[in-house]
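Heads up, upload-v9.pdb below (PDB, C-alpha atoms):
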```pdb
ATOM      1  CA  PHE A  23     -31.241   5.339 -83.033  1.00  0.00           C
ATOM      2  CA  PHE A  24     -31.805   3.471 -86.280  1.00  0.00           C
ATOM      3  CA  CYS A  25     -34.793   1.638 -84.819  1.00  0.00           C
ATOM      4  CA  THR A  26     -36.228   4.875 -83.429  1.00  0.00           C
ATOM      5  CA  SER A  27     -35.897   6.545 -86.821  1.00  0.00           C
ATOM      6  CA  LEU A  28     -37.740   3.688 -88.509  1.00  0.00           C
ATOM      7  CA  MET A  29     -40.527   3.807 -85.954  1.00  0.00           C
ATOM      8  CA  THR A  30     -40.821   7.579 -86.447  1.00  0.00           C
ATOM      9  CA  ILE A  31     -41.070   7.097 -90.206  1.00  0.00           C
ATOM     10  CA  ALA A  32     -43.711   4.400 -89.770  1.00  0.00           C
ATOM     11  CA  ILE A  33     -45.766   6.569 -87.389  1.00  0.00           C
ATOM     12  CA  LEU A  34     -45.563   9.528 -89.781  1.00  0.00           C
ATOM     13  CA  LEU A  35     -46.638   7.227 -92.611  1.00  0.00           C
ATOM     14  CA  LEU A  36     -49.646   6.045 -90.614  1.00  0.00           C
ATOM     15  CA  ALA A  37     -50.583   9.673 -89.886  1.00  0.00           C
ATOM     16  CA  PHE A  38     -50.240  10.493 -93.565  1.00  0.00           C
ATOM     17  CA  LEU A  39     -52.486   7.553 -94.485  1.00  0.00           C
ATOM     18  CA  ALA A  40     -55.128   8.661 -92.000  1.00  0.00           C
ATOM     19  CA  VAL A  41     -55.152  12.211 -93.393  1.00  0.00           C
ATOM     20  CA  CYS A  42     -55.293  10.969 -96.981  1.00  0.00           C
ATOM     21  CA  SER A  43     -58.092   8.545 -96.201  1.00  0.00           C
ATOM     22  CA  THR A  44     -60.148  11.275 -94.515  1.00  0.00           C
ATOM     23  CA  TRP A  45     -59.557  13.798 -97.294  1.00  0.00           C
ATOM     24  CA  LEU A  46     -60.252  11.343-100.081  1.00  0.00           C
ATOM     25  CA  GLY A  47     -63.377  10.087 -98.398  1.00  0.00           C
ATOM     26  CA  SER A  48     -64.789  13.592 -98.072  1.00  0.00           C
ATOM     27  CA  ASN A  49     -64.009  14.382-101.698  1.00  0.00           C
ATOM     28  CA  ALA A  50     -64.980  11.058-103.291  1.00  0.00           C
ATOM     29  CA  ILE A  51     -68.605  12.021-103.944  1.00  0.00           C
ATOM     30  CA  LYS A  52     -67.639  15.425-105.305  1.00  0.00           C
ATOM     31  CA  THR A  53     -64.998  13.969-107.641  1.00  0.00           C
ATOM     32  CA  SER A  54     -67.327  11.236-108.865  1.00  0.00           C
ATOM     33  CA  TYR A  55     -70.072  13.797-109.540  1.00  0.00           C
ATOM     34  CA  GLN A  56     -67.715  16.094-111.453  1.00  0.00           C
ATOM     35  CA  SER A  57     -66.379  13.183-113.519  1.00  0.00           C
ATOM     36  CA  SER A  58     -69.926  12.133-114.292  1.00  0.00           C
ATOM     37  CA  LEU A  59     -70.823  15.628-115.545  1.00  0.00           C
ATOM     38  CA  ARG A  60     -67.714  15.792-117.741  1.00  0.00           C
ATOM     39  CA  TYR A  61     -68.436  12.366-119.184  1.00  0.00           C
ATOM     40  CA  ARG A  62     -72.065  13.127-119.929  1.00  0.00           C
ATOM     41  CA  SER A  63     -71.129  16.328-121.717  1.00  0.00           C
ATOM     42  CA  LYS A  64     -69.013  14.288-124.149  1.00  0.00           C
ATOM     43  CA  SER A  65     -71.152  11.174-124.429  1.00  0.00           C
ATOM     44  CA  ARG A  66     -74.378  10.302-126.082  1.00  0.00           C
ATOM     45  CA  LEU A  67     -77.594  10.531-124.081  1.00  0.00           C
ATOM     46  CA  GLY A  68     -78.137   7.531-121.841  1.00  0.00           C
ATOM     47  CA  ALA A  69     -74.478   6.448-121.625  1.00  0.00           C
ATOM     48  CA  ILE A  70     -73.261   5.131-118.276  1.00  0.00           C
ATOM     49  CA  PRO A  71     -70.813   7.555-116.590  1.00  0.00           C
ATOM     50  CA  PRO A  72     -67.461   6.111-115.382  1.00  0.00           C
ATOM     51  CA  GLU A  73     -67.364   4.910-111.791  1.00  0.00           C
ATOM     52  CA  LEU A  74     -64.173   5.132-109.734  1.00  0.00           C
ATOM     53  CA  VAL A  75     -63.713   2.670-106.890  1.00  0.00           C
ATOM     54  CA  ASN A  76     -62.813   4.366-103.609  1.00  0.00           C
ATOM     55  CA  PRO A  77     -59.244   3.814-102.342  1.00  0.00           C
ATOM     56  CA  ASN A  78     -58.426   1.695 -99.318  1.00  0.00           C
ATOM     57  CA  TYR A  79     -55.231   2.173 -97.289  1.00  0.00           C
ATOM     58  CA  ASN A  80     -55.450  -1.059 -95.286  1.00  0.00           C
ATOM     59  CA  LEU A  81     -52.614  -2.733 -97.198  1.00  0.00           C
ATOM     60  CA  ALA A  82     -50.328   0.277 -96.832  1.00  0.00           C
ATOM     61  CA  ALA A  83     -51.183   0.709 -93.155  1.00  0.00           C
ATOM     62  CA  GLY A  84     -50.649  -2.988 -92.481  1.00  0.00           C
ATOM     63  CA  SER A  85     -47.199  -2.835 -94.067  1.00  0.00           C
ATOM     64  CA  ALA A  86     -46.313   0.226 -91.978  1.00  0.00           C
ATOM     65  CA  VAL A  87     -47.421  -1.569 -88.798  1.00  0.00           C
ATOM     66  CA  LEU A  88     -45.298  -4.607 -89.680  1.00  0.00           C
ATOM     67  CA  GLY A  89     -42.364  -2.272 -90.292  1.00  0.00           C
ATOM     68  CA  THR A  90     -42.866  -0.755 -86.847  1.00  0.00           C
ATOM     69  CA  VAL A  91     -43.087  -4.179 -85.183  1.00  0.00           C
ATOM     70  CA  CYS A  92     -39.903  -5.331 -86.912  1.00  0.00           C
ATOM     71  CA  GLY A  93     -38.209  -2.118 -85.789  1.00  0.00           C
ATOM     72  CA  VAL A  94     -39.111  -2.870 -82.169  1.00  0.00           C
ATOM     73  CA  LEU A  95     -37.988  -6.502 -82.442  1.00  0.00           C
ATOM     74  CA  GLU A  96     -34.671  -5.363 -83.912  1.00  0.00           C
ATOM     75  CA  ASN A  97     -33.668  -4.275 -80.387  1.00  0.00           C
ATOM     76  CA  LEU A  98     -33.645  -7.899 -79.289  1.00  0.00           C
ATOM     77  CA  LYS A  99     -30.169  -9.307 -78.933  1.00  0.00           C
ATOM     78  CA  GLY A 100     -29.302 -12.298 -81.039  1.00  0.00           C
ATOM     79  CA  PRO A 101     -28.912 -13.509 -84.620  1.00  0.00           C
ATOM     80  CA  THR A 102     -32.407 -12.345 -85.594  1.00  0.00           C
ATOM     81  CA  ALA A 103     -31.740  -8.646 -84.915  1.00  0.00           C
ATOM     82  CA  LYS A 104     -30.409  -7.975 -88.420  1.00  0.00           C
ATOM     83  CA  LEU A 105     -33.283  -9.944 -89.928  1.00  0.00           C
ATOM     84  CA  PHE A 106     -35.855  -7.804 -88.125  1.00  0.00           C
ATOM     85  CA  GLY A 107     -33.903  -4.693 -89.071  1.00  0.00           C
ATOM     86  CA  GLY A 108     -34.106  -5.664 -92.729  1.00  0.00           C
ATOM     87  CA  GLY A 109     -37.808  -6.400 -92.333  1.00  0.00           C
ATOM     88  CA  ALA A 110     -38.378  -2.977 -90.780  1.00  0.00           C
ATOM     89  CA  ILE A 111     -36.794  -1.287 -93.788  1.00  0.00           C
ATOM     90  CA  ALA A 112     -38.550  -3.493 -96.342  1.00  0.00           C
ATOM     91  CA  PHE A 113     -42.047  -3.216 -94.854  1.00  0.00           C
ATOM     92  CA  THR A 114     -41.759   0.535 -94.247  1.00  0.00           C
ATOM     93  CA  LEU A 115     -40.601   1.221 -97.810  1.00  0.00           C
ATOM     94  CA  PHE A 116     -43.235  -1.120 -99.229  1.00  0.00           C
ATOM     95  CA  GLY A 117     -45.923   0.596 -97.156  1.00  0.00           C
ATOM     96  CA  GLY A 118     -44.844   3.970 -98.527  1.00  0.00           C
ATOM     97  CA  PHE A 119     -44.905   2.645-102.092  1.00  0.00           C
ATOM     98  CA  ILE A 120     -48.386   1.159-101.655  1.00  0.00           C
ATOM     99  CA  ALA A 121     -49.610   4.398-100.022  1.00  0.00           C
ATOM    100  CA  PHE A 122     -48.377   6.307-103.080  1.00  0.00           C
ATOM    101  CA  GLN A 123     -50.173   3.923-105.451  1.00  0.00           C
ATOM    102  CA  THR A 124     -53.346   4.071-103.361  1.00  0.00           C
ATOM    103  CA  THR A 125     -53.292   7.872-103.540  1.00  0.00           C
ATOM    104  CA  THR A 126     -52.507   8.197-107.254  1.00  0.00           C
ATOM    105  CA  LEU A 127     -54.275   5.249-108.926  1.00  0.00           C
ATOM    106  CA  ARG A 128     -57.906   4.143-109.237  1.00  0.00           C
ATOM    107  CA  PHE A 129     -59.886   1.230-110.642  1.00  0.00           C
ATOM    108  CA  GLN A 130     -62.515   2.522-113.064  1.00  0.00           C
ATOM    109  CA  PHE A 131     -65.660   0.955-114.512  1.00  0.00           C
ATOM    110  CA  ASP A 132     -67.274   2.573-117.546  1.00  0.00           C
ATOM    111  CA  GLU A 133     -69.953   1.441-119.962  1.00  0.00           C
ATOM    112  CA  SER A 134     -67.910  -1.440-121.379  1.00  0.00           C
ATOM    113  CA  ASN A 135     -64.448  -1.566-119.782  1.00  0.00           C
ATOM    114  CA  PHE A 136     -62.596  -2.130-116.520  1.00  0.00           C
ATOM    115  CA  SER A 137     -59.500   0.089-116.326  1.00  0.00           C
ATOM    116  CA  LEU A 138     -56.612   1.153-114.149  1.00  0.00           C
ATOM    117  CA  VAL A 139     -56.366   4.950-114.306  1.00  0.00           C
ATOM    118  CA  LYS A 140     -54.919   7.911-112.425  1.00  0.00           C
ATOM    119  CA  ALA A 141     -56.913   9.492-109.600  1.00  0.00           C
ATOM    120  CA  ASP A 142     -58.213  12.149-112.025  1.00  0.00           C
ATOM    121  CA  SER A 143     -59.425   9.414-114.439  1.00  0.00           C
ATOM    122  CA  SER A 144     -56.660  10.110-116.984  1.00  0.00           C
ATOM    123  CA  LYS A 145     -54.836   7.188-118.620  1.00  0.00           C
ATOM    124  CA  ILE A 146     -51.623   5.773-117.148  1.00  0.00           C
ATOM    125  CA  GLY A 147     -50.102   4.487-120.388  1.00  0.00           C
ATOM    126  CA  GLU A 148     -49.525   0.992-121.733  1.00  0.00           C
ATOM    127  CA  ASN A 149     -49.254  -2.159-119.674  1.00  0.00           C
ATOM    128  CA  ILE A 150     -45.566  -2.685-118.940  1.00  0.00           C
ATOM    129  CA  VAL A 151     -45.683  -6.468-119.439  1.00  0.00           C
ATOM    130  CA  VAL A 152     -48.046  -7.346-122.288  1.00  0.00           C
ATOM    131  CA  GLY A 153     -48.466  -3.898-123.872  1.00  0.00           C
ATOM    132  CA  GLY A 154     -51.731  -2.213-124.790  1.00  0.00           C
ATOM    133  CA  GLU A 155     -53.869   0.026-122.616  1.00  0.00           C
ATOM    134  CA  ASN A 156     -54.634  -0.903-119.018  1.00  0.00           C
ATOM    135  CA  SER A 157     -58.268  -1.321-119.971  1.00  0.00           C
ATOM    136  CA  TRP A 158     -60.173  -4.551-120.538  1.00  0.00           C
ATOM    137  CA  LYS A 159     -63.664  -5.256-121.880  1.00  0.00           C
ATOM    138  CA  TYR A 160     -66.062  -6.923-119.470  1.00  0.00           C
ATOM    139  CA  ASP A 161     -66.921  -9.676-121.933  1.00  0.00           C
ATOM    140  CA  SER A 162     -63.235 -10.689-122.106  1.00  0.00           C
ATOM    141  CA  PHE A 163     -63.181 -11.640-118.398  1.00  0.00           C
ATOM    142  CA  VAL A 164     -62.950 -15.352-117.617  1.00  0.00           C
ATOM    143  CA  ASN A 165     -62.241 -15.047-113.880  1.00  0.00           C
ATOM    144  CA  TRP A 166     -61.632 -12.598-111.034  1.00  0.00           C
ATOM    145  CA  ASP A 167     -60.899 -12.988-107.343  1.00  0.00           C
ATOM    146  CA  PHE A 168     -59.129 -11.543-104.290  1.00  0.00           C
ATOM    147  CA  LEU A 169     -56.024 -13.213-102.876  1.00  0.00           C
ATOM    148  CA  PRO A 170     -55.636 -14.815-100.472  1.00  0.00           C
ATOM    149  CA  ASN A 171     -59.364 -14.168 -99.889  1.00  0.00           C
ATOM    150  CA  GLU A 172     -62.016 -11.446 -99.663  1.00  0.00           C
ATOM    151  CA  GLN A 173     -61.625 -11.116 -95.883  1.00  0.00           C
ATOM    152  CA  PHE A 174     -57.868 -10.511 -96.103  1.00  0.00           C
ATOM    153  CA  PRO A 175     -57.239  -9.092 -99.596  1.00  0.00           C
ATOM    154  CA  ILE A 176     -53.659  -8.416-100.622  1.00  0.00           C
ATOM    155  CA  LEU A 177     -54.008  -8.841-104.390  1.00  0.00           C
ATOM    156  CA  VAL A 178     -56.782  -8.193-106.894  1.00  0.00           C
ATOM    157  CA  TYR A 179     -56.697 -10.933-109.530  1.00  0.00           C
ATOM    158  CA  PHE A 180     -58.426 -11.245-112.872  1.00  0.00           C
ATOM    159  CA  LYS A 181     -57.891 -13.110-116.119  1.00  0.00           C
ATOM    160  CA  GLU A 182     -58.947 -11.961-119.583  1.00  0.00           C
ATOM    161  CA  THR A 183     -58.787 -13.075-123.210  1.00  0.00           C
ATOM    162  CA  GLN A 184     -58.588  -9.598-124.749  1.00  0.00           C
ATOM    163  CA  THR A 185     -54.775  -9.737-124.856  1.00  0.00           C
ATOM    164  CA  PRO A 186     -53.664 -11.590-128.038  1.00  0.00           C
ATOM    165  CA  LYS A 187     -52.632 -15.146-127.221  1.00  0.00           C
ATOM    166  CA  GLU A 188     -49.127 -14.644-128.615  1.00  0.00           C
ATOM    167  CA  LYS A 189     -48.539 -11.939-125.968  1.00  0.00           C
ATOM    168  CA  TRP A 190     -49.664 -14.001-122.990  1.00  0.00           C
ATOM    169  CA  VAL A 191     -47.101 -14.120-120.164  1.00  0.00           C
ATOM    170  CA  GLN A 192     -46.916 -16.828-117.526  1.00  0.00           C
ATOM    171  CA  ALA A 193     -48.569 -15.676-114.301  1.00  0.00           C
ATOM    172  CA  PRO A 194     -46.685 -15.619-110.970  1.00  0.00           C
ATOM    173  CA  ILE A 195     -49.494 -17.582-109.293  1.00  0.00           C
ATOM    174  CA  VAL A 196     -51.746 -20.135-110.981  1.00  0.00           C
ATOM    175  CA  VAL A 197     -55.275 -19.548-109.691  1.00  0.00           C
ATOM    176  CA  ASP A 198     -57.304 -21.410-112.304  1.00  0.00           C
ATOM    177  CA  SER A 199     -56.920 -23.618-115.354  1.00  0.00           C
ATOM    178  CA  ILE A 200     -58.841 -21.319-117.716  1.00  0.00           C
ATOM    179  CA  PRO A 201     -56.917 -20.054-120.782  1.00  0.00           C
ATOM    180  CA  GLY A 202     -56.216 -16.304-120.723  1.00  0.00           C
ATOM    181  CA  GLN A 203     -53.836 -13.592-119.523  1.00  0.00           C
ATOM    182  CA  ALA A 204     -53.711 -13.233-115.733  1.00  0.00           C
ATOM    183  CA  HIS A 205     -53.204  -9.894-113.972  1.00  0.00           C
ATOM    184  CA  PHE A 206     -52.413  -9.086-110.338  1.00  0.00           C
ATOM    185  CA  PHE A 207     -52.742  -5.672-108.699  1.00  0.00           C
ATOM    186  CA  PRO A 208     -52.223  -4.652-105.057  1.00  0.00           C
ATOM    187  CA  ALA A 209     -55.524  -4.351-103.178  1.00  0.00           C
ATOM    188  CA  ILE A 210     -55.400  -0.534-103.112  1.00  0.00           C
ATOM    189  CA  ALA A 211     -59.166  -0.130-103.469  1.00  0.00           C
ATOM    190  CA  ASN A 212     -62.269  -1.026-101.493  1.00  0.00           C
ATOM    191  CA  VAL A 213     -62.707  -4.695-102.381  1.00  0.00           C
ATOM    192  CA  GLU A 214     -66.391  -4.718-101.449  1.00  0.00           C
ATOM    193  CA  GLU A 215     -67.001  -2.012-104.067  1.00  0.00           C
ATOM    194  CA  LEU A 216     -64.843  -3.877-106.568  1.00  0.00           C
ATOM    195  CA  LYS A 217     -66.816  -7.069-106.019  1.00  0.00           C
ATOM    196  CA  GLU A 218     -70.138  -5.252-106.397  1.00  0.00           C
ATOM    197  CA  LYS A 219     -69.044  -3.693-109.679  1.00  0.00           C
ATOM    198  CA  PHE A 220     -67.549  -6.896-111.086  1.00  0.00           C
ATOM    199  CA  ILE A 221     -70.957  -8.462-110.488  1.00  0.00           C
ATOM    200  CA  LYS A 222     -72.875  -5.393-111.694  1.00  0.00           C
ATOM    201  CA  TYR A 223     -71.065  -5.398-115.044  1.00  0.00           C
ATOM    202  CA  ASN A 224     -71.326  -9.177-115.479  1.00  0.00           C
ATOM    203  CA  CYS A 225     -67.611  -9.927-115.319  1.00  0.00           C
ATOM    204  CA  LYS A 226     -67.370 -13.710-115.475  1.00  0.00           C
ATOM    205  CA  ARG A 227     -66.054 -15.518-112.414  1.00  0.00           C
ATOM    206  CA  ALA A 228     -64.767 -19.100-112.454  1.00  0.00           C
ATOM    207  CA  THR A 229     -66.663 -21.834-110.684  1.00  0.00           C
ATOM    208  CA  ALA A 230     -65.128 -23.817-107.824  1.00  0.00           C
ATOM    209  CA  SER A 231     -64.371 -26.734-110.160  1.00  0.00           C
ATOM    210  CA  GLU A 232     -62.315 -24.430-112.423  1.00  0.00           C
ATOM    211  CA  THR A 233     -60.053 -23.078-109.674  1.00  0.00           C
ATOM    212  CA  ILE A 234     -56.975 -24.966-108.556  1.00  0.00           C
ATOM    213  CA  THR A 235     -54.485 -24.961-105.684  1.00  0.00           C
ATOM    214  CA  LEU A 236     -52.130 -21.991-105.806  1.00  0.00           C
ATOM    215  CA  LYS A 237     -48.634 -22.712-107.091  1.00  0.00           C
ATOM    216  CA  SER A 238     -45.307 -21.006-106.452  1.00  0.00           C
ATOM    217  CA  PRO A 239     -44.652 -17.734-108.321  1.00  0.00           C
ATOM    218  CA  THR A 240     -42.363 -17.701-111.332  1.00  0.00           C
ATOM    219  CA  LYS A 241     -42.859 -14.304-112.953  1.00  0.00           C
ATOM    220  CA  LEU A 242     -44.712 -11.160-111.929  1.00  0.00           C
ATOM    221  CA  VAL A 243     -47.462  -9.851-114.200  1.00  0.00           C
ATOM    222  CA  LEU A 244     -48.943  -6.400-113.579  1.00  0.00           C
TER     223      LEU A 244
END
```
Now that the file is in, can you turn its structure into C-alpha cells?
Amino acid sequence: FFCTSLMTIAILLLAFLAVCSTWLGSNAIKTSYQSSLRYRSKSRLGAIPPELVNPNYNLAAGSAVLGTVCGVLENLKGPTAKLFGGGAIAFTLFGGFIAFQTTTLRFQFDESNFSLVKADSSKIGENIVVGGENSWKYDSFVNWDFLPNEQFPILVYFKETQTPKEKWVQAPIVVDSIPGQAHFFPAIANVEELKEKFIKYNCKRATASETITLKSPTKLVL
C-alpha cells in the first residue's frame, strides 16, 4: 500500500509538471512582452528590457521518475527494501520541491545584472548565505558552468567578485581556482537559453587551464 501511494504521488507529480510546462510555455511570450512594456515605461529610451529564462522541469521530472522506480524496487524482498523505500520518499519529495522552485522562480537578465527573481520578476529578498540581493553585475563574473555538464545539467554554477571578500563562504564543490564567491542553483531553467544569455551579456567563463577536478562538498552555498 505504501509503495502504491508513493507511485500515485509520483504519477500525479509528473502530470502536474506536464500541465505546468504546457501552460508556462504558452504564456512565456505573453509574460515576457508584458514585462518588456512595463520596463520600457519606467526606463530611459533605448534601455534593454529584462529577459526571463524559460523554466525547465527535467530535473523535477527526473527526480519523480527515480522516486517511482525506488517505490517499485521497494517490493523486492531483502535488506535493500528499506533503502529503496527511503529513496522513494526522498526523490519524490525532492522532485516536488524542485517543481515548486521551477514554477515560482526565474533567472533574469537585464541591462547590467544577472538575477534570481520570482516568476513575476519581483525580488526574492537577500541571499541567505552571503547577504545582499540575489543580483550580480555581468562584469563581476569570473566563471560559469553547468554541472556535471551541459548535456546532463543538475546545477547551474557561477562565481563572482561582487560579494565583498570578507563575506566569501567556502563552496561545496571546487570547480576552479579563480578567487571569488561561488554560487550553485538547481537547473530549473532552460540551460541552452542560459548559456546563450551568459554569452550574449559577456559573462566571463574560465578557460580549461583554470578549471580543476571537482572535490568533495563541505558546505552548501545558494
Go through segment 98-207 of chain A residue by residue and, counting all atoms listed in the file, keep those with an atom at most 10 Å from segment 70-89 of chain A; for each kept residue give the shortest atom pair and its distance in Å to one decimal, ordered by chain and increasing number, as JSON lines.
```
{"residue": "A:Phe106", "atom": "CA", "partner": "A:Gly89", "partner_atom": "CA", "distance": 8.8}
{"residue": "A:Gly107", "atom": "CA", "partner": "A:Gly89", "partner_atom": "CA", "distance": 8.9}
{"residue": "A:Gly108", "atom": "CA", "partner": "A:Gly89", "partner_atom": "CA", "distance": 9.3}
{"residue": "A:Gly109", "atom": "CA", "partner": "A:Gly89", "partner_atom": "CA", "distance": 6.5}
{"residue": "A:Ala110", "atom": "CA", "partner": "A:Gly89", "partner_atom": "CA", "distance": 4.1}
{"residue": "A:Ile111", "atom": "CA", "partner": "A:Gly89", "partner_atom": "CA", "distance": 6.6}
{"residue": "A:Ala112", "atom": "CA", "partner": "A:Gly89", "partner_atom": "CA", "distance": 7.3}
{"residue": "A:Phe113", "atom": "CA", "partner": "A:Gly89", "partner_atom": "CA", "distance": 4.7}
{"residue": "A:Thr114", "atom": "CA", "partner": "A:Gly89", "partner_atom": "CA", "distance": 4.9}
{"residue": "A:Leu115", "atom": "CA", "partner": "A:Ala86", "partner_atom": "CA", "distance": 8.2}
{"residue": "A:Phe116", "atom": "CA", "partner": "A:Ser85", "partner_atom": "CA", "distance": 6.7}
{"residue": "A:Gly117", "atom": "CA", "partner": "A:Ala82", "partner_atom": "CA", "distance": 4.4}
{"residue": "A:Gly118", "atom": "CA", "partner": "A:Ala82", "partner_atom": "CA", "distance": 6.8}
{"residue": "A:Phe119", "atom": "CA", "partner": "A:Ala82", "partner_atom": "CA", "distance": 7.9}
{"residue": "A:Ile120", "atom": "CA", "partner": "A:Ala82", "partner_atom": "CA", "distance": 5.3}
{"residue": "A:Ala121", "atom": "CA", "partner": "A:Ala82", "partner_atom": "CA", "distance": 5.3}
{"residue": "A:Phe122", "atom": "CA", "partner": "A:Ala82", "partner_atom": "CA", "distance": 8.9}
{"residue": "A:Gln123", "atom": "CA", "partner": "A:Ala82", "partner_atom": "CA", "distance": 9.4}
{"residue": "A:Thr124", "atom": "CA", "partner": "A:Pro77", "partner_atom": "CA", "distance": 6.0}
{"residue": "A:Thr125", "atom": "CA", "partner": "A:Pro77", "partner_atom": "CA", "distance": 7.3}
{"residue": "A:Thr126", "atom": "CA", "partner": "A:Pro77", "partner_atom": "CA", "distance": 9.4}
{"residue": "A:Leu127", "atom": "CA", "partner": "A:Pro77", "partner_atom": "CA", "distance": 8.4}
{"residue": "A:Arg128", "atom": "CA", "partner": "A:Leu74", "partner_atom": "CA", "distance": 6.4}
{"residue": "A:Phe129", "atom": "CA", "partner": "A:Val75", "partner_atom": "CA", "distance": 5.5}
{"residue": "A:Gln130", "atom": "CA", "partner": "A:Leu74", "partner_atom": "CA", "distance": 4.5}
{"residue": "A:Phe131", "atom": "CA", "partner": "A:Glu73", "partner_atom": "CA", "distance": 5.1}
{"residue": "A:Asp132", "atom": "CA", "partner": "A:Pro72", "partner_atom": "CA", "distance": 4.2}
{"residue": "A:Glu133", "atom": "CA", "partner": "A:Ile70", "partner_atom": "CA", "distance": 5.2}
{"residue": "A:Ser134", "atom": "CA", "partner": "A:Ile70", "partner_atom": "CA", "distance": 9.0}
{"residue": "A:Asn135", "atom": "CA", "partner": "A:Pro72", "partner_atom": "CA", "distance": 9.3}
{"residue": "A:Phe136", "atom": "CA", "partner": "A:Pro72", "partner_atom": "CA", "distance": 9.6}
{"residue": "A:Ser137", "atom": "CA", "partner": "A:Leu74", "partner_atom": "CA", "distance": 9.5}
{"residue": "A:Leu138", "atom": "CA", "partner": "A:Leu74", "partner_atom": "CA", "distance": 9.6}
{"residue": "A:Val139", "atom": "CA", "partner": "A:Leu74", "partner_atom": "CA", "distance": 9.0}
{"residue": "A:Ala141", "atom": "CA", "partner": "A:Leu74", "partner_atom": "CA", "distance": 8.5}
{"residue": "A:Asp142", "atom": "CA", "partner": "A:Leu74", "partner_atom": "CA", "distance": 9.5}
{"residue": "A:Ser143", "atom": "CA", "partner": "A:Leu74", "partner_atom": "CA", "distance": 7.9}
{"residue": "A:Phe174", "atom": "CA", "partner": "A:Leu81", "partner_atom": "CA", "distance": 9.4}
{"residue": "A:Pro175", "atom": "CA", "partner": "A:Leu81", "partner_atom": "CA", "distance": 8.2}
{"residue": "A:Ile176", "atom": "CA", "partner": "A:Leu81", "partner_atom": "CA", "distance": 6.7}
{"residue": "A:Leu177", "atom": "CA", "partner": "A:Leu81", "partner_atom": "CA", "distance": 9.5}
```
(request) Measure the distance from atom CA of Leu105 of chain A to atom CA of Pro194 of chain A in Å and round it to one decimal. (result)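 These two atoms are separated by 25.6 Å.
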(request) For segment 150-167 of chain A, please output as number ranges by chain all residues within 8 Å (counting only C-alpha atoms; exclusion window: fewer than 4 positions along the same chain). (result) A: 134-139, 146, 171-172, 178-185, 189-191, 200, 202, 223-228, 243-244
(request) In Å, rounded to a single decimal, give me how far atom CA of Leu169 of chain A is from atom CA of Gln192 of chain A. (result)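 Taking atom CA of Gln192 of chain A as the start and atom CA of Leu169 of chain A as the end point, the length is 17.6 Å.
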(message) Just the number, please: distance in Å from atom CA of Glu188 of chain A to atom CA of Phe206 of chain A, one decimal.
(response)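 Computing it gives 19.4 Å between the two atoms.
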